[in-house]
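Trainee: First the structure, then my questions, so here it is.
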Number of protein chains: 2
Amino acid sequence: MLTDRSLIRISPREHDVLNKLGRLSAASGSHSPSLGTMQKSIPEINVEIDACYLSNPLATELFWTHFNADMLADPDLFKRMLEAYPSQNNAIAERLAPVVGVEADHLFIANGATEAIQAVIHNYSSHIHISTPTFSPYYEFAGPGCQVTEFKLDPADNFRVDPEKYVQSVLDSGADTAVLISPNNPDGYLIPDTDLECILSKLTRLRTVIVDESFVHFADRPLPEGELPTLTGITEQFDNVTVMKSMSKDFGIAGIRAGYAIMQPERVKQLLDHGYLWNTSGMAEYFFTLFGRPDFLIEYRTELMKYRSYIDRFTTATAKIDYARVFETSANFQLMQLPEGVSAEIVTALLLLRHGIYVRGCGDKIGLDGEFIRVAIRTESENERVLDALAEILG
Amino acid sequence: MLTDRSLIRISPREHDVLNKLGRLSAASGSHSPSLGTMQKSIPEINVEIDACYLSNPLATELFWTHFNADMLADPDLFKRMLEAYPSQNNAIAERLAPVVGVEADHLFIANGATEAIQAVIHNYSSHIHISTPTFSPYYEFAGPGCQVTEFKLDPADNFRVDPEKYVQSVLDSGADTAVLISPNNPDGYLIPDTDLECILSKLTRLRTVIVDESFVHFADRPLPEGELPTLTGITEQFDNVTVMKSMSKDFGIAGIRAGYAIMQPERVKQLLDHGYLWNTSGMAEYFFTLFGRPDFLIEYRTELMKYRSYIDRFTTATAKIDYARVFETSANFQLMQLPEGVSAEIVTALLLLRHGIYVRGCGDKIGLDGEFIRVAIRTESENERVLDALAEILG
């Protein structure tokens, strides 16, 4: 593990903790053990900035402001949220539809985007073509009866999805399902609208094309009054497209488990008839109801614009970095490739140990050959500290 | 609708509200529209006692006592519950296993028992044999590719599951899955241990046998120190059995969405690998962690014993009723068949209008021919009011 000791100078104490971290990573089967596990197992580590967690911290604050005000205004509300049976999936869709900008019968409300992924893959896919690197549930949830094939994105080409090569690869694979994440996780590449339209128009014979727009709010796209950024303007022309959306990235409320998918009404109806009717908790119902409120939308848009300016400032700064290769991003994180001989595992560990900063090492990401870290963009002061820390270790 | 006007005298005002209720039931496609919908649509109705909701109110109070104390002791806990990614399904199983009394790898943690039902039926059933009346998800979630056949329970025989007839019916049906709820919803019949063992021993060639013990805590069964009532002592001999358990009935926390299933480790692993890994919310994780605490278990057992005495007192009183046929129950509710010519719809509506009491009309329950209501057993004072109200309307 400590092969690059000569490249980055570390103390004997750091060496010990690094070994503990290495054992923990090995035990958890992941290069990024959970924050809780890590803090409990290694008391020397004190995480001050979670730059592993992908969310807009301003929107999280906005959520809490409304949550606290709503609980104060109706002291019995929280009790009801936990005790009463929540509304059915389709009743919640009615409330969410206006803000999403689709008809309610196109909306499938999910217990986190992961449930929507599972439901769609289990019911409408027998062979999935993924683009690597990608979000792991798209291949992990495929199950034994479902084939998975791969289109390899090229770091040398900024992980660009070349429409012609991509379409050819999908058709050659014989898959009935293609998955496009835009902006993609972990590289942040946004497929240009014309490319996306071109791709989708050539995949109309597929049973299912998934377009995951979980990070699209952070892309530099126009934001007309009263609307939110979305790719549905393009995707709604194609009946076989399902749009996936996590709410954890926009609001930082991963513990609520809230996401949705947009698809043809027949599919929504089939899924609801097929057992996904009671999948929303009272807390998630509260969140979706809040998100569907016009006054909340106005405030959220303001916070989103502000956060986008943080992203701009961060990426302007990272464009000047010479100690790592930094990939352009349209999401709220940035992928960095470390110089040859420098291990991502050691860099993430030193960021933790010396600076209390947790970033995502990408050693377990299929399709990333080399040493990569993914850095979440947080508040202005946190971003500054992250950049200073990276410079200290790698500069 | 108002055919039994001559049997139960109602005022013109009541007549109007009854018509509104009838339209609401028709619009919602159910004989029991949700409490929220009803209260919002018909302001004349003020529900003071929810005897439709099946739960132990003492355990709900106990939950809140601990919840409030835990939030006070760690003011940051609630924020983390909503913001952080919850633990994976199997990590939560580790914490729950001791109180359930099985190994953690046999436990599938679910987003409500309904998710466990969906997961098992979708993955391990192609033909389900149900016993009617039953809990509707067992046939509703079957989906188009899954056949459903039926064993009709006989009210004249107290909805008893006759082992010989039942086994014959399952085998004749050719089903690969059988579902037994014990105590059953809506009739409260508990299959005696010897009968259950006999049935399961004859169904070992089935792919899946579901035993739903969601109401077993309320049955009059021994409760050894440090344990909870369960049928797993019988079921664990049979590899093809999956035990289902809702937590909403025991704790009245339906909005949290918490349930679990006990099954062979290979099946748990398959389901987790197949996309049910991130299905627990932060609130549900908190609940399962609390339920797994030994100190909580002691307190819960005390409240359960107390609630069981309420059930005893209620059923002793209803045994004397002569205005309806009352079925013996081992659950925390009681099914009543109304005299010929008296409509359950009108009785439930009058209970609401005159007494603010909401009971479950059973008009939409498959396998119940006749007019039935299901009455949840609540606190002592509520139970008394329910019995007085029933006597006023039917007596």
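Chain labels follow the order of the structure tokens: the first chain is A, the next B, and so on; residue numbering restarts at 1 in every chain, and ligands are counted from 1 in their shown order.
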Using only C-alpha atoms, which chain A residues lie at most 8 Å away from chain B, written as number ranges by chain?

Mentor: A: 80-86, 111-112, 114-115, 118, 137, 140-143, 252-257, 273-276, 278-283

Trainee: DSSP on the backbone, alpha helix (DSSP H) only: what residues of segment 65-290 of chain A does that give? Format it as a PyMOL selection string.

Mentor: chain A and resi 65-73+77-83+89-100+113-124+137-140+163-173+193-201+232-235+248-251+265-273+282-290

Trainee: What is the distance, in Å and to one decimal place, between atom CA of Ser182 of chain B and atom CA of Ser214 of chain B?

Mentor: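 Result for atom CA of Ser182 of chain B versus atom CA of Ser214 of chain B: 7.8 Å, one decimal.
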
Trainee: Residues near Pro186 of chain B, anyone? I mean within 12 Å using only C-alpha atoms, not counting same-chain ones fewer than 5 positions away, as a compact mmCIF listing (two decimals) with all heavy atoms, in the first residue's frame.

Mentor:
```txt
# COMPACT_ATOMS: atom_id res chain seq x y z
N CYS B 52 -59.80 2.03 13.04
CA CYS B 52 -59.50 1.40 11.77
C CYS B 52 -58.02 1.00 11.77
O CYS B 52 -57.59 0.06 11.13
CB CYS B 52 -59.77 2.42 10.66
SG CYS B 52 -59.73 1.75 9.00
N LEU B 54 -54.65 -0.44 13.03
CA LEU B 54 -54.30 -1.61 13.84
C LEU B 54 -52.94 -1.45 14.49
O LEU B 54 -51.91 -1.68 13.86
CB LEU B 54 -54.29 -2.86 12.95
CG LEU B 54 -55.55 -3.11 12.11
CD1 LEU B 54 -55.34 -4.32 11.21
CD2 LEU B 54 -56.77 -3.29 13.00
N SER B 131 -55.42 -17.64 1.05
CA SER B 131 -56.61 -18.04 1.80
C SER B 131 -57.44 -16.79 1.99
O SER B 131 -56.98 -15.84 2.62
CB SER B 131 -56.23 -18.59 3.17
OG SER B 131 -55.19 -19.53 3.05
N THR B 132 -58.65 -16.78 1.46
CA THR B 132 -59.47 -15.57 1.58
C THR B 132 -60.48 -15.70 2.71
O THR B 132 -60.98 -16.79 2.93
CB THR B 132 -60.22 -15.30 0.26
OG1 THR B 132 -61.01 -16.44 -0.06
CG2 THR B 132 -59.25 -14.99 -0.85
N PRO B 133 -60.75 -14.59 3.41
CA PRO B 133 -60.20 -13.25 3.23
C PRO B 133 -58.74 -13.18 3.66
O PRO B 133 -58.29 -13.94 4.51
CB PRO B 133 -61.08 -12.38 4.14
CG PRO B 133 -61.56 -13.32 5.21
CD PRO B 133 -61.72 -14.64 4.52
N THR B 134 -58.01 -12.19 3.08
CA THR B 134 -56.59 -12.08 3.39
C THR B 134 -56.14 -10.62 3.24
O THR B 134 -56.95 -9.76 2.88
CB THR B 134 -55.77 -12.99 2.44
OG1 THR B 134 -54.41 -12.99 2.86
CG2 THR B 134 -55.83 -12.51 0.99
N PHE B 135 -54.87 -10.36 3.49
CA PHE B 135 -54.28 -9.02 3.33
C PHE B 135 -54.04 -8.82 1.83
O PHE B 135 -53.33 -9.61 1.20
CB PHE B 135 -52.97 -8.99 4.12
CG PHE B 135 -52.26 -7.67 4.14
CD1 PHE B 135 -52.92 -6.49 4.46
CD2 PHE B 135 -50.90 -7.60 3.85
CE1 PHE B 135 -52.24 -5.27 4.49
CE2 PHE B 135 -50.21 -6.39 3.89
CZ PHE B 135 -50.89 -5.23 4.21
N SER B 136 -54.65 -7.77 1.26
CA SER B 136 -54.74 -7.66 -0.19
C SER B 136 -53.41 -7.65 -0.96
O SER B 136 -53.35 -8.15 -2.08
CB SER B 136 -55.60 -6.45 -0.59
OG SER B 136 -55.01 -5.26 -0.14
N LEU B 153 -61.79 -19.50 3.22
CA LEU B 153 -62.01 -19.75 4.66
C LEU B 153 -63.49 -19.57 4.96
O LEU B 153 -64.15 -18.73 4.36
CB LEU B 153 -61.17 -18.78 5.49
CG LEU B 153 -59.65 -18.90 5.29
CD1 LEU B 153 -58.93 -17.67 5.85
CD2 LEU B 153 -59.12 -20.17 5.96
N PRO B 155 -66.59 -18.57 7.31
CA PRO B 155 -67.01 -17.84 8.51
C PRO B 155 -67.79 -18.76 9.46
O PRO B 155 -67.67 -18.63 10.68
CB PRO B 155 -67.91 -16.73 7.98
CG PRO B 155 -67.74 -16.70 6.51
CD PRO B 155 -67.11 -17.98 6.07
N ASN B 158 -65.59 -20.23 11.84
CA ASN B 158 -64.70 -19.22 12.46
C ASN B 158 -63.42 -18.95 11.67
O ASN B 158 -62.39 -18.61 12.25
CB ASN B 158 -64.31 -19.65 13.87
CG ASN B 158 -65.42 -19.37 14.86
OD1 ASN B 158 -65.89 -18.24 14.94
ND2 ASN B 158 -65.86 -20.40 15.56
N PHE B 159 -63.50 -19.12 10.36
CA PHE B 159 -62.33 -18.88 9.47
C PHE B 159 -61.15 -19.80 9.80
O PHE B 159 -60.01 -19.48 9.54
CB PHE B 159 -61.88 -17.40 9.52
CG PHE B 159 -62.94 -16.44 9.10
CD1 PHE B 159 -63.74 -15.80 10.04
CD2 PHE B 159 -63.14 -16.16 7.76
CE1 PHE B 159 -64.73 -14.90 9.66
CE2 PHE B 159 -64.13 -15.27 7.37
CZ PHE B 159 -64.93 -14.63 8.32
N ILE B 181 -51.56 -16.34 6.89
CA ILE B 181 -51.42 -15.24 7.84
C ILE B 181 -51.97 -15.72 9.17
O ILE B 181 -53.11 -16.19 9.22
CB ILE B 181 -52.17 -13.98 7.36
CG1 ILE B 181 -51.81 -13.67 5.90
CG2 ILE B 181 -51.86 -12.80 8.26
CD1 ILE B 181 -52.49 -12.44 5.36
N PHE B 215 -49.31 -10.10 13.36
CA PHE B 215 -50.17 -9.85 14.53
C PHE B 215 -49.88 -10.80 15.69
O PHE B 215 -50.63 -10.84 16.66
CB PHE B 215 -51.64 -9.95 14.12
CG PHE B 215 -52.05 -8.88 13.14
CD1 PHE B 215 -52.08 -9.14 11.78
CD2 PHE B 215 -52.36 -7.61 13.58
CE1 PHE B 215 -52.44 -8.15 10.87
CE2 PHE B 215 -52.72 -6.61 12.69
CZ PHE B 215 -52.76 -6.88 11.33
N PHE B 327 -66.50 -12.59 15.93
CA PHE B 327 -65.59 -13.73 15.76
C PHE B 327 -64.47 -13.67 16.79
O PHE B 327 -63.92 -12.60 17.06
CB PHE B 327 -65.01 -13.73 14.33
CG PHE B 327 -66.07 -14.00 13.30
CD1 PHE B 327 -66.81 -12.95 12.75
CD2 PHE B 327 -66.36 -15.29 12.91
CE1 PHE B 327 -67.81 -13.19 11.82
CE2 PHE B 327 -67.36 -15.55 11.97
CZ PHE B 327 -68.08 -14.50 11.42
N GLU B 328 -64.15 -14.84 17.35
CA GLU B 328 -63.03 -14.90 18.29
C GLU B 328 -61.76 -14.41 17.61
O GLU B 328 -61.56 -14.68 16.43
CB GLU B 328 -62.82 -16.35 18.73
CG GLU B 328 -63.60 -16.69 19.98
CD GLU B 328 -63.23 -18.07 20.50
OE1 GLU B 328 -62.02 -18.40 20.51
OE2 GLU B 328 -64.16 -18.82 20.86
N THR B 329 -60.89 -13.74 18.35
CA THR B 329 -59.69 -13.19 17.72
C THR B 329 -58.44 -13.47 18.53
O THR B 329 -58.49 -13.55 19.76
CB THR B 329 -59.83 -11.67 17.53
OG1 THR B 329 -58.70 -11.19 16.80
CG2 THR B 329 -59.88 -10.93 18.88
N SER B 330 -57.31 -13.64 17.83
CA SER B 330 -56.00 -13.69 18.47
C SER B 330 -55.17 -12.49 18.08
O SER B 330 -53.96 -12.45 18.30
CB SER B 330 -55.27 -14.98 18.09
OG SER B 330 -55.92 -16.09 18.65
N ALA B 331 -55.80 -11.52 17.47
CA ALA B 331 -55.09 -10.31 17.04
C ALA B 331 -55.60 -9.11 17.84
O ALA B 331 -56.32 -9.27 18.82
CB ALA B 331 -55.29 -10.10 15.55
N ASN B 332 -55.24 -7.91 17.43
CA ASN B 332 -55.65 -6.71 18.16
C ASN B 332 -56.80 -5.99 17.46
O ASN B 332 -56.87 -4.76 17.42
CB ASN B 332 -54.47 -5.76 18.39
CG ASN B 332 -53.88 -5.24 17.10
OD1 ASN B 332 -54.09 -5.83 16.03
ND2 ASN B 332 -53.15 -4.14 17.17
N PHE B 333 -57.66 -6.80 16.86
CA PHE B 333 -58.87 -6.27 16.22
C PHE B 333 -59.91 -7.38 16.28
O PHE B 333 -59.58 -8.54 16.57
CB PHE B 333 -58.60 -5.87 14.77
CG PHE B 333 -57.96 -6.97 13.98
CD1 PHE B 333 -58.72 -8.01 13.43
CD2 PHE B 333 -56.57 -6.99 13.79
CE1 PHE B 333 -58.11 -9.03 12.72
CE2 PHE B 333 -55.96 -8.03 13.09
CZ PHE B 333 -56.74 -9.05 12.54
N GLN B 334 -61.15 -7.00 16.01
CA GLN B 334 -62.19 -8.02 16.02
C GLN B 334 -63.14 -7.81 14.86
O GLN B 334 -63.53 -6.68 14.56
CB GLN B 334 -62.94 -7.99 17.36
CG GLN B 334 -63.63 -9.30 17.67
CD GLN B 334 -63.78 -9.55 19.15
OE1 GLN B 334 -63.84 -8.63 19.95
NE2 GLN B 334 -63.87 -10.82 19.54
N LEU B 335 -63.46 -8.92 14.20
CA LEU B 335 -64.36 -8.88 13.05
C LEU B 335 -65.78 -9.13 13.53
O LEU B 335 -66.01 -10.02 14.35
CB LEU B 335 -63.95 -9.94 12.03
CG LEU B 335 -64.66 -9.94 10.67
CD1 LEU B 335 -64.24 -8.71 9.86
CD2 LEU B 335 -64.35 -11.21 9.89
N MET B 336 -66.71 -8.30 13.03
CA MET B 336 -68.11 -8.46 13.42
C MET B 336 -68.97 -8.54 12.18
O MET B 336 -68.83 -7.73 11.27
CB MET B 336 -68.56 -7.27 14.28
CG MET B 336 -67.73 -7.09 15.54
SD MET B 336 -68.30 -5.71 16.55
CE MET B 336 -67.05 -5.75 17.86
N GLN B 337 -69.86 -9.52 12.16
CA GLN B 337 -70.80 -9.64 11.05
C GLN B 337 -72.13 -9.04 11.47
O GLN B 337 -72.67 -9.39 12.52
CB GLN B 337 -70.98 -11.12 10.66
CG GLN B 337 -71.88 -11.27 9.44
CD GLN B 337 -71.87 -12.69 8.87
OE1 GLN B 337 -71.43 -13.63 9.55
NE2 GLN B 337 -72.32 -12.84 7.64
N ARG B 360 -63.28 -0.12 10.26
CA ARG B 360 -63.07 -0.56 8.89
C ARG B 360 -64.29 -1.30 8.37
O ARG B 360 -64.65 -2.36 8.90
CB ARG B 360 -61.84 -1.49 8.88
CG ARG B 360 -61.49 -2.16 7.56
CD ARG B 360 -60.86 -1.15 6.61
NE ARG B 360 -59.97 -1.78 5.63
CZ ARG B 360 -60.39 -2.36 4.50
NH1 ARG B 360 -61.68 -2.39 4.20
NH2 ARG B 360 -59.51 -2.88 3.67
N GLY B 361 -64.96 -0.74 7.38
CA GLY B 361 -65.99 -1.48 6.66
C GLY B 361 -65.28 -2.48 5.75
O GLY B 361 -64.23 -2.16 5.20
N CYS B 362 -65.80 -3.67 5.61
CA CYS B 362 -65.06 -4.71 4.89
C CYS B 362 -65.66 -5.02 3.53
O CYS B 362 -65.44 -6.11 2.98
CB CYS B 362 -64.98 -5.97 5.74
SG CYS B 362 -64.03 -5.73 7.25
N GLY B 363 -66.39 -4.06 2.95
CA GLY B 363 -67.06 -4.29 1.68
C GLY B 363 -66.12 -4.65 0.54
O GLY B 363 -66.53 -5.28 -0.44
N ASP B 364 -64.85 -4.23 0.63
CA ASP B 364 -63.91 -4.50 -0.47
C ASP B 364 -63.06 -5.75 -0.21
O ASP B 364 -62.15 -6.05 -0.97
CB ASP B 364 -62.99 -3.29 -0.69
CG ASP B 364 -62.21 -2.91 0.55
OD1 ASP B 364 -62.60 -3.35 1.66
OD2 ASP B 364 -61.20 -2.19 0.43
N LYS B 365 -63.34 -6.45 0.87
CA LYS B 365 -62.53 -7.64 1.20
C LYS B 365 -63.04 -8.86 0.42
O LYS B 365 -64.17 -9.32 0.63
CB LYS B 365 -62.62 -7.93 2.71
CG LYS B 365 -61.71 -7.05 3.55
CD LYS B 365 -60.32 -7.67 3.72
CE LYS B 365 -59.36 -6.76 4.46
NZ LYS B 365 -57.96 -7.14 4.30
N ILE B 366 -62.21 -9.39 -0.42
CA ILE B 366 -62.55 -10.60 -1.16
C ILE B 366 -62.72 -11.76 -0.17
O ILE B 366 -61.92 -11.93 0.74
CB ILE B 366 -61.43 -10.94 -2.17
CG1 ILE B 366 -61.39 -9.87 -3.26
CG2 ILE B 366 -61.63 -12.32 -2.77
CD1 ILE B 366 -60.27 -10.06 -4.25
N GLY B 367 -63.78 -12.51 -0.34
CA GLY B 367 -63.98 -13.70 0.50
C GLY B 367 -64.84 -13.44 1.72
O GLY B 367 -65.01 -14.31 2.56
N LEU B 368 -65.37 -12.23 1.84
CA LEU B 368 -66.31 -11.95 2.93
C LEU B 368 -67.67 -11.67 2.31
O LEU B 368 -67.91 -10.58 1.78
CB LEU B 368 -65.86 -10.72 3.74
CG LEU B 368 -64.80 -10.91 4.82
CD1 LEU B 368 -64.61 -9.62 5.61
CD2 LEU B 368 -65.14 -12.06 5.77
N PHE B 372 -69.69 -6.89 7.02
CA PHE B 372 -68.73 -7.04 8.11
C PHE B 372 -68.07 -5.69 8.45
O PHE B 372 -67.84 -4.87 7.57
CB PHE B 372 -67.61 -8.00 7.72
CG PHE B 372 -68.02 -9.43 7.57
CD1 PHE B 372 -68.59 -9.90 6.39
CD2 PHE B 372 -67.85 -10.33 8.62
CE1 PHE B 372 -68.97 -11.23 6.25
CE2 PHE B 372 -68.22 -11.67 8.49
CZ PHE B 372 -68.79 -12.12 7.30
N ILE B 373 -67.76 -5.51 9.72
CA ILE B 373 -66.87 -4.41 10.11
C ILE B 373 -65.72 -5.00 10.94
O ILE B 373 -65.88 -6.04 11.58
CB ILE B 373 -67.59 -3.30 10.92
CG1 ILE B 373 -68.20 -3.87 12.21
CG2 ILE B 373 -68.65 -2.61 10.07
CD1 ILE B 373 -68.75 -2.79 13.15
N ARG B 374 -64.57 -4.32 10.85
CA ARG B 374 -63.42 -4.75 11.65
C ARG B 374 -63.08 -3.62 12.62
O ARG B 374 -62.87 -2.48 12.20
CB ARG B 374 -62.23 -5.04 10.75
CG ARG B 374 -61.05 -5.72 11.45
CD ARG B 374 -59.80 -5.68 10.59
NE ARG B 374 -59.38 -4.30 10.39
CZ ARG B 374 -58.49 -3.90 9.48
NH1 ARG B 374 -57.93 -4.77 8.69
NH2 ARG B 374 -58.16 -2.63 9.37
N VAL B 375 -63.04 -3.95 13.91
CA VAL B 375 -62.84 -2.93 14.93
C VAL B 375 -61.47 -3.12 15.59
O VAL B 375 -61.19 -4.18 16.16
CB VAL B 375 -63.95 -3.04 16.01
CG1 VAL B 375 -63.79 -1.94 17.05
CG2 VAL B 375 -65.33 -2.96 15.36
N ALA B 376 -60.64 -2.10 15.52
CA ALA B 376 -59.32 -2.17 16.16
C ALA B 376 -59.47 -1.97 17.66
O ALA B 376 -60.30 -1.17 18.11
CB ALA B 376 -58.41 -1.09 15.58
```

Trainee: Pick out the residues sitting within 10 Å of Lys20 of chain B, and hand them over as an NGL selection string; count only C-alpha atoms, and ignore anything fewer than 5 positions along from it in its own chain.

Mentor: :B and (14-15 or 25-26 or 38 or 41-42)

Trainee: Check the DSSP output for the backbone and give back, as a ChimeraX atom specification, the residues of segment 134-352 of chain A in strand (DSSP E or B).

Mentor: /A:147-152,177-181,208-212,241-246,259-262,325-326,333-337

Trainee: In Å, how far is it from atom CA of Leu352 of chain B to atom CA of Ile45 of chain B?

Mentor: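 Pair atom CA of Leu352 of chain B / atom CA of Ile45 of chain B returns 6.6 Å.
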
Trainee: So that I can check the surroundings of segment 94-100 of chain B, please list as a list in words every protein, DNA and RNA residue that reaches within 10 Å of it, counting only C-alpha atoms and ignoring chain neighbours fewer than 6 positions away.

Mentor: His106, Leu107, Ile109, Gly226, Glu227, Leu228, Pro229, Thr230, Thr232, Tyr260, Ile262, Glu285, Phe287, Phe288, Thr289, Leu290, Phe291, Gly292, Arg293, Pro294 and Leu297 of chain B

Trainee: Can you list, as a ChimeraX atom specification, every protein, DNA or RNA residue that comes within 10 Å of Gly233 of chain A when you count only C-alpha atoms, leaving out same-chain residues fewer than 5 positions away?

Mentor: /A:101,193,197

Trainee: Store the residues picked out above in a file with C-alpha atoms, as a PDB file, in the first residue's frame.

Mentor:
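again29.pdb was written with the following content:
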```
ATOM      1  CA  GLY A 101     -43.034  19.682 -15.398  1.00  0.00           C
ATOM      2  CA  ASP A 193     -28.312  18.364 -26.160  1.00  0.00           C
ATOM      3  CA  GLU A 197     -31.071  13.863 -29.185  1.00  0.00           C
TER       4      GLU A 197
END
```
